[in-house]
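J.: The structure file coords_34.cif (mmCIF, C-alpha atoms) is provided below.
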```cif
data_protein
#
loop_
_atom_site.label_atom_id
_atom_site.label_comp_id
_atom_site.auth_asym_id
_atom_site.auth_seq_id
_atom_site.Cartn_x
_atom_site.Cartn_y
_atom_site.Cartn_z
CA MET W 1 8.69 8.96 -15.79
CA LYS W 2 5.44 10.65 -14.81
CA VAL W 3 3.67 9.77 -11.58
CA THR W 4 0.21 10.97 -10.57
CA VAL W 5 -0.98 10.98 -6.96
CA VAL W 6 -4.73 11.42 -6.60
CA GLY W 7 -5.60 12.88 -3.21
CA ALA W 8 -3.42 15.66 -1.80
CA GLY W 9 -4.16 14.91 1.83
CA SER W 10 -1.52 13.82 4.31
CA VAL W 11 -0.83 10.41 2.73
CA GLY W 12 -0.85 11.72 -0.84
CA ALA W 13 1.38 14.68 -0.04
CA SER W 14 3.82 12.46 1.89
CA CYS W 15 3.90 10.06 -1.04
CA ALA W 16 4.64 12.90 -3.47
CA GLU W 17 7.35 14.23 -1.16
CA TYR W 18 9.16 10.90 -0.82
CA ILE W 19 8.98 10.24 -4.57
CA ALA W 20 10.39 13.70 -5.30
CA ILE W 21 13.19 13.40 -2.76
CA LYS W 22 14.27 10.06 -4.26
CA ASP W 23 14.59 11.95 -7.58
CA PHE W 24 13.76 9.11 -9.99
CA ALA W 25 10.64 10.66 -11.57
CA SER W 26 10.64 13.59 -13.98
CA GLU W 27 7.21 14.79 -12.84
CA VAL W 28 4.73 14.19 -10.04
CA VAL W 29 1.17 15.44 -10.55
CA LEU W 30 -0.78 15.94 -7.33
CA LEU W 31 -4.55 16.06 -7.94
CA ASP W 32 -7.36 16.87 -5.53
CA ILE W 33 -11.01 17.93 -5.66
CA LYS W 34 -10.55 20.77 -3.16
CA GLU W 35 -9.93 24.03 -5.03
CA GLY W 36 -6.30 25.17 -4.79
CA TYR W 37 -5.34 22.49 -2.26
CA ALA W 38 -3.10 20.38 -4.50
CA GLU W 39 -1.63 23.52 -6.03
CA GLY W 40 -0.67 24.76 -2.58
CA LYS W 41 0.84 21.45 -1.50
CA ALA W 42 2.79 21.24 -4.78
CA MET W 43 4.14 24.78 -4.42
CA ASP W 44 5.17 24.13 -0.82
CA LEU W 45 6.96 20.93 -1.85
CA MET W 46 8.67 22.59 -4.82
CA GLN W 47 10.07 25.21 -2.46
CA THR W 48 11.96 22.40 -0.71
CA ALA W 49 13.64 21.25 -3.95
CA SER W 50 16.82 23.29 -3.56
CA LEU W 51 16.98 22.36 0.13
CA ASN W 52 16.45 18.63 -0.42
CA GLY W 53 18.41 18.42 -3.69
CA PHE W 54 15.82 17.08 -6.12
CA ASP W 55 14.84 18.12 -9.66
CA THR W 56 11.49 16.32 -9.89
CA LYS W 57 8.77 18.73 -11.01
CA ILE W 58 5.69 18.67 -8.77
CA THR W 59 2.47 20.04 -10.28
CA GLY W 60 -0.78 20.55 -8.40
CA VAL W 61 -4.17 20.46 -10.13
CA THR W 62 -7.83 20.64 -9.09
CA LYS W 63 -10.06 17.98 -10.71
CA ASP W 64 -8.38 18.36 -14.14
CA TYR W 65 -7.45 14.83 -15.21
CA SER W 66 -6.19 16.10 -18.59
CA LYS W 67 -3.07 17.24 -16.70
CA THR W 68 -2.45 13.58 -15.75
CA ALA W 69 -2.25 12.45 -19.40
CA ASP W 70 0.50 9.93 -20.19
CA THR W 71 0.99 9.02 -16.54
CA ASP W 72 3.15 5.90 -16.11
CA ILE W 73 2.19 5.13 -12.51
CA ALA W 74 -0.81 6.48 -10.60
CA VAL W 75 -1.47 6.28 -6.87
CA ILE W 76 -5.02 6.48 -5.54
CA THR W 77 -5.17 7.79 -1.98
CA SER W 78 -8.60 9.44 -2.37
CA GLY W 79 -11.40 8.86 0.10
CA ILE W 80 -12.22 9.59 3.69
CA PRO W 81 -9.57 8.59 6.26
CA ARG W 82 -10.20 6.54 9.37
CA LYS W 83 -11.28 8.20 12.57
CA PRO W 84 -10.65 6.74 16.05
CA GLY W 85 -12.75 3.61 16.59
CA MET W 86 -13.44 3.19 12.86
CA THR W 87 -12.53 0.04 10.98
CA ARG W 88 -11.16 0.17 7.45
CA GLU W 89 -14.24 -1.76 6.32
CA GLU W 90 -16.59 0.99 7.51
CA LEU W 91 -15.23 3.30 4.83
CA ILE W 92 -16.46 1.16 1.95
CA GLY W 93 -19.69 2.96 0.99
CA ILE W 94 -18.11 6.35 0.33
CA ASN W 95 -14.68 5.25 -0.84
CA ALA W 96 -15.90 2.70 -3.40
CA GLY W 97 -17.62 5.38 -5.46
CA ILE W 98 -14.60 7.67 -5.26
CA VAL W 99 -12.06 4.99 -6.21
CA LYS W 100 -14.12 3.75 -9.16
CA GLU W 101 -14.49 7.27 -10.59
CA VAL W 102 -10.82 8.11 -10.06
CA ALA W 103 -9.58 4.90 -11.69
CA ASN W 104 -11.73 5.41 -14.78
CA ASN W 105 -10.64 9.05 -15.12
CA LEU W 106 -6.99 8.04 -14.90
CA ILE W 107 -7.36 5.31 -17.53
CA ASN W 108 -9.23 7.64 -19.91
CA HIS W 109 -6.16 9.89 -20.05
CA SER W 110 -3.43 7.25 -19.54
CA PRO W 111 -4.54 3.88 -20.98
CA ASN W 112 -1.19 2.24 -20.15
CA VAL W 113 -1.11 3.40 -16.53
CA ILE W 114 -0.12 1.14 -13.62
CA ILE W 115 -2.41 1.82 -10.64
CA ILE W 116 -1.46 1.54 -6.98
CA VAL W 117 -4.45 1.55 -4.63
CA VAL W 118 -4.03 2.96 -1.12
CA SER W 119 -7.65 3.88 -0.26
CA ASN W 120 -9.30 1.74 2.41
CA PRO W 121 -10.58 -0.92 2.71
CA MET W 122 -7.57 -1.48 0.48
CA ASP W 123 -7.98 -5.11 -0.59
CA THR W 124 -11.61 -4.50 -1.53
CA MET W 125 -10.79 -1.25 -3.34
CA THR W 126 -8.09 -3.11 -5.31
CA TYR W 127 -10.62 -5.81 -6.20
CA LEU W 128 -13.07 -3.08 -7.26
CA VAL W 129 -10.51 -1.61 -9.68
CA HIS W 130 -9.99 -5.09 -11.16
CA LYS W 131 -13.72 -5.61 -11.62
CA THR W 132 -14.57 -2.19 -13.07
CA THR W 133 -11.63 -1.21 -15.29
CA GLY W 134 -10.63 -4.28 -17.26
CA LEU W 135 -6.92 -3.53 -16.78
CA PRO W 136 -4.61 -6.57 -16.78
CA LYS W 137 -3.95 -7.84 -13.25
CA ASN W 138 -0.26 -6.95 -13.33
CA ARG W 139 -1.16 -3.25 -13.58
CA ILE W 140 -3.35 -3.10 -10.45
CA ILE W 141 -1.51 -3.19 -7.13
CA GLY W 142 -2.82 -2.76 -3.60
CA MET W 143 -0.47 -1.13 -1.11
CA GLY W 144 -0.91 -2.74 2.28
CA GLY W 145 1.66 -5.41 2.90
CA ALA W 146 4.61 -3.08 2.33
CA LEU W 147 3.34 -0.80 5.09
CA ASP W 148 2.32 -3.65 7.40
CA SER W 149 5.74 -5.29 6.93
CA ALA W 150 7.50 -2.02 7.80
CA ARG W 151 5.45 -1.85 11.00
CA PHE W 152 6.27 -5.49 11.71
CA LYS W 153 10.00 -4.81 11.34
CA TYR W 154 9.69 -1.78 13.62
CA ARG W 155 8.10 -3.94 16.33
CA LEU W 156 10.65 -6.74 15.82
CA ALA W 157 13.57 -4.33 16.14
CA GLU W 158 11.98 -2.87 19.26
CA ALA W 159 11.62 -6.32 20.84
CA LEU W 160 15.15 -7.36 19.86
CA GLY W 161 16.78 -4.08 20.84
CA ALA W 162 18.31 -4.18 17.37
CA PRO W 163 18.70 -1.66 14.54
CA ILE W 164 15.97 -2.05 11.95
CA SER W 165 18.60 -2.61 9.23
CA ASP W 166 19.38 -5.94 10.97
CA VAL W 167 15.77 -7.13 10.80
CA ASP W 168 13.73 -8.70 8.02
CA GLY W 169 10.12 -9.85 8.08
CA MET W 170 6.95 -9.95 6.04
CA VAL W 171 3.21 -9.57 6.58
CA ILE W 172 0.75 -11.26 4.20
CA GLY W 173 -3.03 -11.55 4.16
CA GLY W 174 -5.68 -8.86 4.29
CA HIS W 175 -4.86 -5.27 5.19
CA SER W 176 -7.05 -5.18 8.28
CA ASP W 177 -6.58 -5.38 12.02
CA THR W 178 -7.77 -8.99 12.05
CA GLY W 179 -6.63 -10.10 8.60
CA MET W 180 -2.90 -9.42 8.77
CA ILE W 181 -0.56 -12.39 9.10
CA PRO W 182 2.90 -11.41 10.36
CA LEU W 183 5.12 -14.35 9.39
CA THR W 184 7.03 -14.61 12.67
CA ARG W 185 8.33 -18.05 11.68
CA LEU W 186 10.28 -16.56 8.78
CA ALA W 187 11.41 -13.31 10.43
CA THR W 188 15.17 -12.95 10.86
CA ARG W 189 17.91 -10.84 12.37
CA ASN W 190 20.84 -11.06 9.96
CA SER W 191 19.68 -14.52 8.81
CA LEU W 192 19.17 -15.82 12.36
CA PRO W 193 15.52 -16.83 12.88
CA VAL W 194 13.92 -14.45 15.34
CA HIS W 195 11.93 -17.26 16.97
CA LYS W 196 15.26 -18.59 18.26
CA ILE W 197 15.95 -15.28 20.02
CA LEU W 198 12.57 -14.10 21.28
CA SER W 199 10.11 -16.07 23.41
CA GLU W 200 6.86 -17.26 21.87
CA GLU W 201 4.99 -14.87 24.18
CA ARG W 202 7.07 -11.89 23.02
CA LEU W 203 6.65 -12.83 19.36
CA THR W 204 2.89 -13.07 19.85
CA GLN W 205 2.93 -9.56 21.32
CA VAL W 206 4.96 -8.29 18.35
CA SER W 207 2.43 -9.84 16.00
CA GLU W 208 -0.56 -8.33 17.81
CA ASP W 209 1.07 -4.89 17.99
CA THR W 210 1.75 -5.08 14.26
CA LYS W 211 -1.86 -5.92 13.42
CA VAL W 212 -3.22 -2.91 15.30
CA GLY W 213 -0.42 -0.64 14.09
CA GLY W 214 -2.76 1.57 12.06
CA ALA W 215 -5.47 1.68 14.74
CA THR W 216 -2.88 2.59 17.39
CA LEU W 217 -1.74 5.58 15.34
CA THR W 218 -5.32 6.60 14.50
CA LYS W 219 -6.11 6.68 18.21
CA LEU W 220 -3.02 8.79 18.95
CA LEU W 221 -3.31 11.14 15.98
CA GLY W 222 -7.07 11.37 15.60
CA THR W 223 -6.74 10.36 11.95
CA SER W 224 -4.83 7.92 9.76
CA ALA W 225 -1.02 7.89 9.73
CA TRP W 226 0.78 9.37 6.73
CA TYR W 227 4.60 9.22 6.95
CA ALA W 228 4.94 5.42 6.80
CA PRO W 229 2.10 4.94 4.26
CA GLY W 230 3.66 7.61 2.02
CA ALA W 231 7.09 6.00 2.30
CA ALA W 232 5.65 2.55 1.56
CA VAL W 233 3.93 3.81 -1.59
CA SER W 234 7.10 5.56 -2.76
CA GLY W 235 8.98 2.28 -2.40
CA LEU W 236 6.50 0.50 -4.68
CA VAL W 237 6.56 3.33 -7.22
CA GLN W 238 10.37 3.35 -7.30
CA ALA W 239 10.55 -0.43 -7.74
CA ILE W 240 8.30 -0.14 -10.80
CA ALA W 241 9.80 3.05 -12.24
CA CYS W 242 13.37 1.80 -11.90
CA ASP W 243 12.54 -1.83 -12.86
CA GLN W 244 14.14 -3.04 -9.62
CA LYS W 245 12.50 -6.50 -9.49
CA LYS W 246 12.09 -6.04 -5.75
CA MET W 247 9.86 -8.27 -3.65
CA PHE W 248 7.03 -6.68 -1.68
CA PRO W 249 3.87 -8.14 -0.20
CA CYS W 250 1.08 -6.45 -2.18
CA SER W 251 -2.62 -7.00 -2.72
CA THR W 252 -2.97 -8.71 -6.07
CA LEU W 253 -5.69 -10.66 -7.85
CA LEU W 254 -5.18 -14.38 -7.26
CA GLU W 255 -6.12 -16.94 -9.91
CA GLY W 256 -5.21 -20.20 -8.23
CA GLU W 257 -2.14 -19.03 -6.32
CA TYR W 258 -2.27 -19.97 -2.63
CA GLY W 259 -5.34 -22.05 -3.53
CA MET W 260 -7.48 -18.94 -4.00
CA THR W 261 -9.34 -17.34 -6.90
CA ASP W 262 -11.28 -14.14 -7.52
CA ILE W 263 -9.82 -12.24 -4.58
CA SER W 264 -7.25 -9.48 -4.12
CA ILE W 265 -5.18 -10.10 -1.00
CA GLY W 266 -1.64 -9.52 0.21
CA VAL W 267 1.02 -11.96 -0.99
CA PRO W 268 4.66 -11.49 -2.01
CA VAL W 269 5.15 -10.24 -5.56
CA ILE W 270 8.06 -9.08 -7.71
CA LEU W 271 7.67 -5.47 -8.86
CA GLY W 272 9.29 -4.18 -12.05
CA LYS W 273 8.58 -2.06 -15.10
CA ASN W 274 5.42 -4.06 -15.92
CA GLY W 275 4.01 -3.67 -12.44
CA ILE W 276 3.56 -7.11 -10.87
CA GLU W 277 6.09 -9.24 -12.74
CA SER W 278 5.25 -12.41 -10.83
CA ILE W 279 3.54 -13.74 -7.71
CA VAL W 280 5.83 -15.55 -5.29
CA GLU W 281 4.31 -18.61 -3.61
CA ILE W 282 5.97 -19.33 -0.29
CA GLU W 283 5.36 -22.60 1.52
CA LEU W 284 3.07 -21.97 4.47
CA THR W 285 2.52 -24.19 7.49
CA GLU W 286 -0.94 -25.61 8.12
CA ALA W 287 -1.49 -22.98 10.83
CA GLU W 288 -0.47 -20.17 8.45
CA LYS W 289 -2.73 -21.58 5.72
CA ALA W 290 -5.64 -21.59 8.15
CA LYS W 291 -4.95 -17.94 9.04
CA MET W 292 -4.76 -17.08 5.34
CA GLU W 293 -8.14 -18.73 4.71
CA GLU W 294 -9.65 -16.84 7.65
CA SER W 295 -8.18 -13.58 6.36
CA ALA W 296 -9.53 -14.25 2.87
CA ALA W 297 -12.99 -14.93 4.30
CA GLY W 298 -12.93 -11.49 5.90
CA VAL W 299 -11.90 -9.83 2.63
CA ARG W 300 -14.61 -11.69 0.71
CA LYS W 301 -17.22 -10.55 3.24
CA THR W 302 -16.21 -6.93 2.66
CA ASN W 303 -16.14 -7.50 -1.11
CA GLY W 304 -19.73 -8.64 -0.84
CA LEU W 305 -20.72 -5.12 0.19
CA LEU W 306 -19.63 -3.73 -3.19
CA GLU W 307 -22.27 -2.81 -5.73
CA LEU W 308 -20.62 -4.13 -8.90
#
```
In structure tokens, how does this file's structure come out?
T.:
Amino acid sequence: MKVTVVGAGSVGASCAEYIAIKDFASEVVLLDIKEGYAEGKAMDLMQTASLNGFDTKITGVTKDYSKTADTDIAVITSGIPRKPGMTREELIGINAGIVKEVANNLINHSPNVIIIVVSNPMDTMTYLVHKTTGLPKNRIIGMGGALDSARFKYRLAEALGAPISDVDGMVIGGHSDTGMIPLTRLATRNSLPVHKILSEERLTQVSEDTKVGGATLTKLLGTSAWYAPGAAVSGLVQAIACDQKKMFPCSTLLEGEYGMTDISIGVPVILGKNGIESIVEIELTEAEKAKMEESAAGVRKTNGLLEL
């Protein structure tokens, strides 16, 4: 199992680290355009192998996509990160060109690759890969919902005063501060609906805190977060590499599901060796459907800025 991570910045390096530590891949290739940067990150990570008990080989390369040949799963983290006050949508002009070039370079050397898109605005970048590569839809996955759901569960556990292992919840919709839809109605603590434990006011606060989870961290850190995004990506990669058939909310191209077409947006999917094995349609309330339509409208507006 060979995994390539394009972009050796904080998110990419974290992703490579978590994948290596889980020890399910034979090789992780870390690629960057900055001379020596990926090589340095790879060497640093490899020097933790004996300490962290993994045998995954991590290789760093500068711009040389030939070293990514025969990659099974590739992760695209390339692009400029958010700065305080920036929306994900404001990154589109620069990141679209980068993502398109990276995706085509990956496919040229690994025609059977499964691509996971992390670069923002993520739903639009996922849609761009669909429109410009011709890969089947099951092999293009946008990582947003897995991260947003992890942040949702963190906020739920905080509100409940409970361990996170007790809590389950999911976020669907667009990966943006206004587009996320934390499904508070379906969130549980050990099968007990959370809305029976927390007040409506507290649940609303949990939902709002979840939606600005990325912006909150950007304000505190001065740049995008990296630990949780890296861990979220590694979870998707492992589910595919190990054919786990796990359910994650991911940005996927819809063709009638949820009453939508020609859009990549976050919905629950089953991930296995073929990438997206199936799309799971959950029954939404009228209020949730309205939020989903509003979220989709925002994604479509951003998609309209693409030069396809």
J.: Report, as lines of an AutoDock Vina configuration file, the centre and edge lengths in Å (one decimal) of the axis-aligned box enclosing every listed atom of region 100-107 of chain W, padded by 5 Å on each side.
T.:
```
center_x = -10.7
center_y = 6.4
center_z = -13.3
size_x = 17.5
size_y = 15.3
size_z = 18.4
```
J.: Region 297-301 of chain W: which residues within 10 Å, counting all atoms listed in the file, same-chain residues fewer than 4 positions away excluded, as a PyMOL selection string?
T.: chain W and resi 89+121-124+127+173-176+178-179+262-265+291-293+305-306
J.: Kindly provide, as a list in words, the polymer residues lying within 12 Å of (18.4, -7.6, 23.0), counting only C-alpha atoms and using the coordinates exactly as they appear in the file.
T.: Leu156, Ala157, Glu158, Ala159, Leu160, Gly161, Ala162, Pro163, Arg189, Val194, Ile197, Leu198 and Ser199 of chain W
J.: Nearest to Cys250 (chain W) among W:Leu31, W:Ala187, W:Ala146, W:Leu135, with distances taken over all atoms listed in the file: which residue is it?
T.: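 Among the listed residues, the smallest separation from Cys250 (chain W) belongs to W:Ala146.
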J.: Which residues are close to region 7-12 of chain W, i.e. within 10 Å by all atoms listed in the file, leaving aside same-chain residues fewer than 5 positions away? Reply as a PyMOL selection string.
T.: chain W and resi 17+29-34+37-42+60-62+75-81+102+118-119+223-231+233
J.: Do you know which residues are at most 9 Å from Lys273 (chain W) counting only C-alpha atoms, after dropping those on the same chain fewer than 3 positions away, and could you put them as a ChimeraX atom specification?
T.: /W:239-245,276-277
J.: Taking the file as shown, find all residues satisfying the PyMOL selection byres ((chain W and resi 215-217) around 10) and write them as an NGL selection string.
T.: :W and (82-88 or 176-177 or 209-214 or 218-226)
J.: Would you output that residue set with C-alpha atoms, as a PDB file, in the coordinates of the input?
T.:
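result_8.pdb was written with the following content:
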```
ATOM      1  CA  ARG W  82     -10.200   6.540   9.370  1.00  0.00           C
ATOM      2  CA  LYS W  83     -11.280   8.200  12.570  1.00  0.00           C
ATOM      3  CA  PRO W  84     -10.650   6.740  16.050  1.00  0.00           C
ATOM      4  CA  GLY W  85     -12.750   3.610  16.590  1.00  0.00           C
ATOM      5  CA  MET W  86     -13.440   3.190  12.860  1.00  0.00           C
ATOM      6  CA  THR W  87     -12.530   0.040  10.980  1.00  0.00           C
ATOM      7  CA  ARG W  88     -11.160   0.170   7.450  1.00  0.00           C
ATOM      8  CA  SER W 176      -7.050  -5.180   8.280  1.00  0.00           C
ATOM      9  CA  ASP W 177      -6.580  -5.380  12.020  1.00  0.00           C
ATOM     10  CA  ASP W 209       1.070  -4.890  17.990  1.00  0.00           C
ATOM     11  CA  THR W 210       1.750  -5.080  14.260  1.00  0.00           C
ATOM     12  CA  LYS W 211      -1.860  -5.920  13.420  1.00  0.00           C
ATOM     13  CA  VAL W 212      -3.220  -2.910  15.300  1.00  0.00           C
ATOM     14  CA  GLY W 213      -0.420  -0.640  14.090  1.00  0.00           C
ATOM     15  CA  GLY W 214      -2.760   1.570  12.060  1.00  0.00           C
ATOM     16  CA  THR W 218      -5.320   6.600  14.500  1.00  0.00           C
ATOM     17  CA  LYS W 219      -6.110   6.680  18.210  1.00  0.00           C
ATOM     18  CA  LEU W 220      -3.020   8.790  18.950  1.00  0.00           C
ATOM     19  CA  LEU W 221      -3.310  11.140  15.980  1.00  0.00           C
ATOM     20  CA  GLY W 222      -7.070  11.370  15.600  1.00  0.00           C
ATOM     21  CA  THR W 223      -6.740  10.360  11.950  1.00  0.00           C
ATOM     22  CA  SER W 224      -4.830   7.920   9.760  1.00  0.00           C
ATOM     23  CA  ALA W 225      -1.020   7.890   9.730  1.00  0.00           C
ATOM     24  CA  TRP W 226       0.780   9.370   6.730  1.00  0.00           C
TER      25      TRP W 226
END
```
J.: Would you work out the distance separating CA of Asn190 (chain W) from CA of Leu203 (chain W), expressed in Å to one decimal?
T.: 17.1 Å
